[in-house]
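Dumped entry-v8.pdb below, it's PDB, C-alpha atoms, pLDDT in the B column:
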```pdb
MODEL        1
ATOM      1  CA  PRO A1439     -14.279 -31.256  -4.263  1.00 50.00           C
ATOM      2  CA  LEU A1440     -16.055 -33.908  -6.314  1.00 60.00           C
ATOM      3  CA  ASP A1441     -18.169 -35.020  -3.366  1.00 66.00           C
ATOM      4  CA  ASN A1442     -19.280 -31.427  -2.614  1.00 67.00           C
ATOM      5  CA  PRO A1443     -19.893 -29.222  -5.687  1.00 62.00           C
ATOM      6  CA  THR A1444     -20.314 -26.082  -3.555  1.00 65.00           C
ATOM      7  CA  ARG A1445     -16.596 -26.224  -2.813  1.00 70.00           C
ATOM      8  CA  CYS A1446     -15.903 -25.884  -6.539  1.00 80.00           C
ATOM      9  CA  TYR A1447     -18.241 -22.883  -6.779  1.00 80.00           C
ATOM     10  CA  SER A1448     -16.590 -21.286  -3.763  1.00 81.00           C
ATOM     11  CA  SER A1449     -13.132 -21.866  -5.222  1.00 83.00           C
ATOM     12  CA  VAL A1450     -14.138 -20.319  -8.544  1.00 84.00           C
ATOM     13  CA  ALA A1451     -15.731 -17.332  -6.780  1.00 86.00           C
ATOM     14  CA  LEU A1452     -12.586 -16.831  -4.671  1.00 87.00           C
ATOM     15  CA  GLN A1453     -10.358 -17.042  -7.744  1.00 88.00           C
ATOM     16  CA  ARG A1454     -12.491 -14.545  -9.681  1.00 90.00           C
ATOM     17  CA  GLY A1455     -12.606 -12.172  -6.721  1.00 90.00           C
ATOM     18  CA  SER A1456      -8.836 -12.374  -6.291  1.00 91.00           C
ATOM     19  CA  GLU A1457      -8.274 -11.715  -9.999  1.00 93.00           C
ATOM     20  CA  HIS A1458     -10.624  -8.721  -9.898  1.00 93.00           C
ATOM     21  CA  LEU A1459      -8.844  -7.301  -6.841  1.00 92.00           C
ATOM     22  CA  LEU A1460      -5.432  -7.737  -8.473  1.00 93.00           C
ATOM     23  CA  GLN A1461      -6.636  -6.045 -11.687  1.00 95.00           C
ATOM     24  CA  ARG A1462      -8.123  -3.141  -9.735  1.00 94.00           C
ATOM     25  CA  LEU A1463      -5.010  -2.735  -7.603  1.00 94.00           C
ATOM     26  CA  THR A1464      -2.725  -2.877 -10.648  1.00 94.00           C
ATOM     27  CA  SER A1465      -4.783  -0.295 -12.551  1.00 95.00           C
ATOM     28  CA  LEU A1466      -4.677   2.056  -9.555  1.00 95.00           C
ATOM     29  CA  GLN A1467      -0.989   1.610  -8.803  1.00 95.00           C
ATOM     30  CA  PHE A1468       0.198   1.743 -12.425  1.00 95.00           C
ATOM     31  CA  PRO A1469      -2.121   4.261 -14.122  1.00 94.00           C
ATOM     32  CA  ARG A1470      -1.567   5.552 -17.650  1.00 93.00           C
ATOM     33  CA  SER A1471      -1.249   9.082 -16.303  1.00 92.00           C
ATOM     34  CA  CYS A1472      -0.432  10.126 -12.768  1.00 91.00           C
ATOM     35  CA  ASP A1473      -3.022  12.722 -11.776  1.00 91.00           C
ATOM     36  CA  PRO A1474      -1.753  14.585  -8.682  1.00 87.00           C
ATOM     37  CA  ASP A1475      -5.319  14.720  -7.343  1.00 89.00           C
ATOM     38  CA  LYS A1476      -5.483  10.923  -7.380  1.00 92.00           C
ATOM     39  CA  LEU A1477      -2.361  10.292  -5.305  1.00 90.00           C
ATOM     40  CA  SER A1478      -2.274   9.146  -1.706  1.00 88.00           C
ATOM     41  CA  GLN A1479       1.090  10.179  -0.288  1.00 83.00           C
ATOM     42  CA  ARG A1480       2.239   8.220   2.733  1.00 82.00           C
ATOM     43  CA  ARG A1481       5.463   8.750   4.631  1.00 76.00           C
ATOM     44  CA  PHE A1482       7.454   6.877   7.196  1.00 70.00           C
ATOM     45  CA  ASN A1483      10.619   7.970   8.945  1.00 63.00           C
ATOM     46  CA  LYS A1484      10.652   6.275  12.316  1.00 65.00           C
ATOM     47  CA  THR A1485      12.401   3.148  13.392  1.00 62.00           C
ATOM     48  CA  GLN A1486       9.603   0.636  13.589  1.00 70.00           C
ATOM     49  CA  GLY A1487       9.730  -3.128  13.480  1.00 73.00           C
ATOM     50  CA  LEU A1488       9.264  -4.886  10.183  1.00 74.00           C
ATOM     51  CA  GLY A1489       5.848  -6.218  11.236  1.00 81.00           C
ATOM     52  CA  VAL A1490       4.558  -2.752  12.157  1.00 80.00           C
ATOM     53  CA  THR A1491       5.915  -1.352   8.895  1.00 79.00           C
ATOM     54  CA  LEU A1492       4.241  -4.078   6.818  1.00 82.00           C
ATOM     55  CA  ARG A1493       0.965  -3.602   8.695  1.00 84.00           C
ATOM     56  CA  TRP A1494       1.174   0.145   8.083  1.00 83.00           C
ATOM     57  CA  LEU A1495       1.913  -0.475   4.414  1.00 86.00           C
ATOM     58  CA  GLY A1496      -1.016  -2.892   4.081  1.00 88.00           C
ATOM     59  CA  LEU A1497      -3.467  -0.526   5.787  1.00 87.00           C
ATOM     60  CA  SER A1498      -2.188   2.371   3.669  1.00 87.00           C
ATOM     61  CA  GLN A1499      -2.733   0.304   0.517  1.00 91.00           C
ATOM     62  CA  LEU A1500      -6.255  -0.649   1.599  1.00 89.00           C
ATOM     63  CA  GLU A1501      -7.093   2.988   2.321  1.00 89.00           C
ATOM     64  CA  ALA A1502      -5.756   4.026  -1.103  1.00 91.00           C
ATOM     65  CA  LEU A1503      -7.738   1.229  -2.755  1.00 92.00           C
ATOM     66  CA  ARG A1504     -10.902   2.239  -0.910  1.00 91.00           C
ATOM     67  CA  SER A1505     -10.508   5.880  -1.959  1.00 92.00           C
ATOM     68  CA  GLU A1506      -9.452   4.880  -5.496  1.00 94.00           C
ATOM     69  CA  ARG A1507      -6.088   6.630  -5.228  1.00 93.00           C
ATOM     70  CA  THR A1508      -2.557   5.637  -6.159  1.00 94.00           C
ATOM     71  CA  LEU A1509      -0.410   4.953  -3.099  1.00 92.00           C
ATOM     72  CA  ILE A1510       3.020   6.584  -3.113  1.00 88.00           C
ATOM     73  CA  VAL A1511       5.293   5.811  -0.182  1.00 83.00           C
ATOM     74  CA  GLY A1512       8.220   8.024   0.756  1.00 77.00           C
ATOM     75  CA  GLY A1513      10.633   8.406   3.579  1.00 71.00           C
ATOM     76  CA  ARG A1514      13.589   6.590   5.000  1.00 67.00           C
ATOM     77  CA  TRP A1515      13.587   3.851   7.564  1.00 67.00           C
ATOM     78  CA  ARG A1516      16.561   3.933   9.910  1.00 63.00           C
ATOM     79  CA  ALA A1517      16.513   0.153  10.238  1.00 64.00           C
ATOM     80  CA  PHE A1518      17.322  -0.179   6.505  1.00 61.00           C
ATOM     81  CA  ASN A1519      20.804   1.160   7.202  1.00 63.00           C
ATOM     82  CA  PHE A1520      22.992  -1.569   5.703  1.00 66.00           C
ATOM     83  CA  GLU A1521      25.630  -1.729   2.994  1.00 72.00           C
ATOM     84  CA  GLY A1522      24.054  -1.760  -0.455  1.00 73.00           C
ATOM     85  CA  CYS A1523      20.905   0.090   0.581  1.00 73.00           C
ATOM     86  CA  ASN A1524      21.815   3.737   0.231  1.00 69.00           C
ATOM     87  CA  GLU A1525      18.202   4.891  -0.097  1.00 66.00           C
ATOM     88  CA  ARG A1526      17.152   3.213   3.160  1.00 65.00           C
ATOM     89  CA  GLY A1527      13.597   2.888   1.880  1.00 68.00           C
ATOM     90  CA  LEU A1528      11.153   0.152   0.973  1.00 71.00           C
ATOM     91  CA  SER A1529      12.869  -0.149  -2.425  1.00 71.00           C
ATOM     92  CA  CYS A1530      15.597  -2.103  -0.636  1.00 74.00           C
ATOM     93  CA  TYR A1531      13.102  -4.911  -0.040  1.00 74.00           C
ATOM     94  CA  LEU A1532      10.125  -4.482  -2.361  1.00 78.00           C
ATOM     95  CA  ALA A1533       9.638  -4.108  -6.095  1.00 82.00           C
ATOM     96  CA  PRO A1534       8.318  -0.692  -7.193  1.00 83.00           C
ATOM     97  CA  THR A1535       4.719  -0.291  -6.048  1.00 86.00           C
ATOM     98  CA  THR A1536       3.783   2.385  -8.600  1.00 91.00           C
ATOM     99  CA  ASN A1537       4.970   4.133 -11.737  1.00 92.00           C
ATOM    100  CA  CYS A1538       3.980   7.510 -10.279  1.00 90.00           C
ATOM    101  CA  SER A1539       6.192   9.949  -8.436  1.00 84.00           C
ATOM    102  CA  VAL A1540       5.991  13.470  -7.115  1.00 74.00           C
ATOM    103  CA  LYS A1541       8.489  16.315  -7.154  1.00 71.00           C
ATOM    104  CA  THR A1542       7.293  17.800  -3.867  1.00 66.00           C
ATOM    105  CA  TRP A1543       5.884  15.687  -1.069  1.00 65.00           C
ATOM    106  CA  ASP A1544       2.778  17.065   0.611  1.00 60.00           C
ATOM    107  CA  TRP A1545       3.315  15.922   4.187  1.00 56.00           C
ATOM    108  CA  GLY A1546       1.839  18.891   5.928  1.00 56.00           C
ATOM    109  CA  ASP A1547       3.027  19.031   9.513  1.00 49.00           C
ATOM    110  CA  ILE A1548       5.796  16.426   9.324  1.00 48.00           C
ATOM    111  CA  GLU A1549       6.439  16.235  13.053  1.00 49.00           C
ATOM    112  CA  ASN A1550       2.826  15.375  13.870  1.00 49.00           C
ATOM    113  CA  ASN A1551       2.159  13.152  10.858  1.00 48.00           C
ATOM    114  CA  ASP A1552       5.328  11.060  10.994  1.00 49.00           C
ATOM    115  CA  PHE A1553       4.404   7.412  10.385  1.00 50.00           C
ATOM    116  CA  GLU A1554       0.703   8.149  10.776  1.00 54.00           C
ATOM    117  CA  MET A1555      -1.119   4.836  11.084  1.00 54.00           C
ATOM    118  CA  PRO A1556      -4.218   4.709   8.895  1.00 57.00           C
ATOM    119  CA  PRO A1557      -7.434   3.657  10.606  1.00 58.00           C
ATOM    120  CA  VAL A1558      -8.273  -0.027  10.653  1.00 58.00           C
ATOM    121  CA  LEU A1559     -10.860  -0.656   7.976  1.00 55.00           C
ATOM    122  CA  THR A1560     -14.059  -2.503   8.792  1.00 59.00           C
ATOM    123  CA  VAL A1561     -15.662  -5.043   6.504  1.00 55.00           C
ATOM    124  CA  PRO A1562     -19.364  -4.463   5.826  1.00 57.00           C
ATOM    125  CA  ASP A1563     -21.713  -7.133   7.158  1.00 62.00           C
ATOM    126  CA  SER A1564     -23.217  -7.883   3.747  1.00 55.00           C
ATOM    127  CA  CYS A1565     -20.591  -8.853   1.198  1.00 48.00           C
TER     128      CYS A1565
ENDMDL
END
```
This entry written out as structure tokens:
Amino acid sequence: PLDNPTRCYSSVALQRGSEHLLQRLTSLQFPRSCDPDKLSQRRFNKTQGLGVTLRWLGLSQLEALRSERTLIVGGRWRAFNFEGCNERGLSCYLAPTTNCSVKTWDWGDIENNDFEMPPVLTVPDSC
């Protein structure tokens, strides 16, 4: 980096952008109060591969971030059926993703919305 100072500037800009994103994501996922109108409820209940599930989770998180909502994930994954994982959910593998919860899930037509894949987001040309 010493021979090219622009690399240092780029590294600092990347670090600041990453810190800002992490702060924004944390404030959305762990709000002081959980307003039901600010929740994005996502559900999965099909046997999908781990890669598809992680892609779905990432796209769901990006959609929630874009719409400034707290992502809440519910459902059971049949592939998580092993001893010690009675819930068969993402909690078997991931730390809690939010401090919010809901008493009643609003999944609408469950049969048609099961594991609904969010649209792929596009990055604007001018960043």
Test item: the PyMOL selection byres ((chain A and resi 1478) around 8) resolved as a VMD selection string: chain A and resid 1476 to 1477 1479 to 1480 1502 1507 to 1510
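The spacing separating CA of Leu1460 in chain A from CA of Gly1487 in chain A amounts to 27.1 Å.
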Computed interatomic separation between CA of Thr1464 in chain A and CA of Glu1506 in chain A (Å): 11.5 Å
Long-range neighbours of Cys1472 in chain A as number ranges by chain, 10 Å cut-off, all atoms listed in the file, 4 positions minimum in chain: A: 1466-1468, 1476-1477, 1508, 1536-1540
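Take the candidates A:Cys1530, A:Gly1522, A:Leu1452, A:Val1511 and check each one against Gly1496 in chain A using only C-alpha atoms; the shortest distance goes to A:Val1511.
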Result set, the PyMOL selection byres ((chain A and resi 1495) around 10) on current file, as a VMD selection string: chain A and resid 1480 to 1482 1489 to 1494 1496 to 1501 1509 1511 1528 1555 to 1556
Selection above as a file: C-alpha atoms, as an mmCIF file, in the coordinates of the input:
```cif
data_model
loop_
_atom_site.group_PDB
_atom_site.id
_atom_site.type_symbol
_atom_site.label_atom_id
_atom_site.label_comp_id
_atom_site.auth_asym_id
_atom_site.auth_seq_id
_atom_site.Cartn_x
_atom_site.Cartn_y
_atom_site.Cartn_z
ATOM 1 C CA ARG A 1480 2.239 8.220 2.733
ATOM 2 C CA ARG A 1481 5.463 8.750 4.631
ATOM 3 C CA PHE A 1482 7.454 6.877 7.196
ATOM 4 C CA GLY A 1489 5.848 -6.218 11.236
ATOM 5 C CA VAL A 1490 4.558 -2.752 12.157
ATOM 6 C CA THR A 1491 5.915 -1.352 8.895
ATOM 7 C CA LEU A 1492 4.241 -4.078 6.818
ATOM 8 C CA ARG A 1493 0.965 -3.602 8.695
ATOM 9 C CA TRP A 1494 1.174 0.145 8.083
ATOM 10 C CA GLY A 1496 -1.016 -2.892 4.081
ATOM 11 C CA LEU A 1497 -3.467 -0.526 5.787
ATOM 12 C CA SER A 1498 -2.188 2.371 3.669
ATOM 13 C CA GLN A 1499 -2.733 0.304 0.517
ATOM 14 C CA LEU A 1500 -6.255 -0.649 1.599
ATOM 15 C CA GLU A 1501 -7.093 2.988 2.321
ATOM 16 C CA LEU A 1509 -0.410 4.953 -3.099
ATOM 17 C CA VAL A 1511 5.293 5.811 -0.182
ATOM 18 C CA LEU A 1528 11.153 0.152 0.973
ATOM 19 C CA MET A 1555 -1.119 4.836 11.084
ATOM 20 C CA PRO A 1556 -4.218 4.709 8.895
#
```
Box for range 1446-1456 of chain A - axis-aligned, 6 Å on each of the six sides, all listed atoms - centre and size in Å to one decimal, as lines of an AutoDock Vina configuration file.
```
center_x = -13.5
center_y = -19.0
center_z = -6.7
size_x = 21.4
size_y = 25.7
size_z = 17.9
```
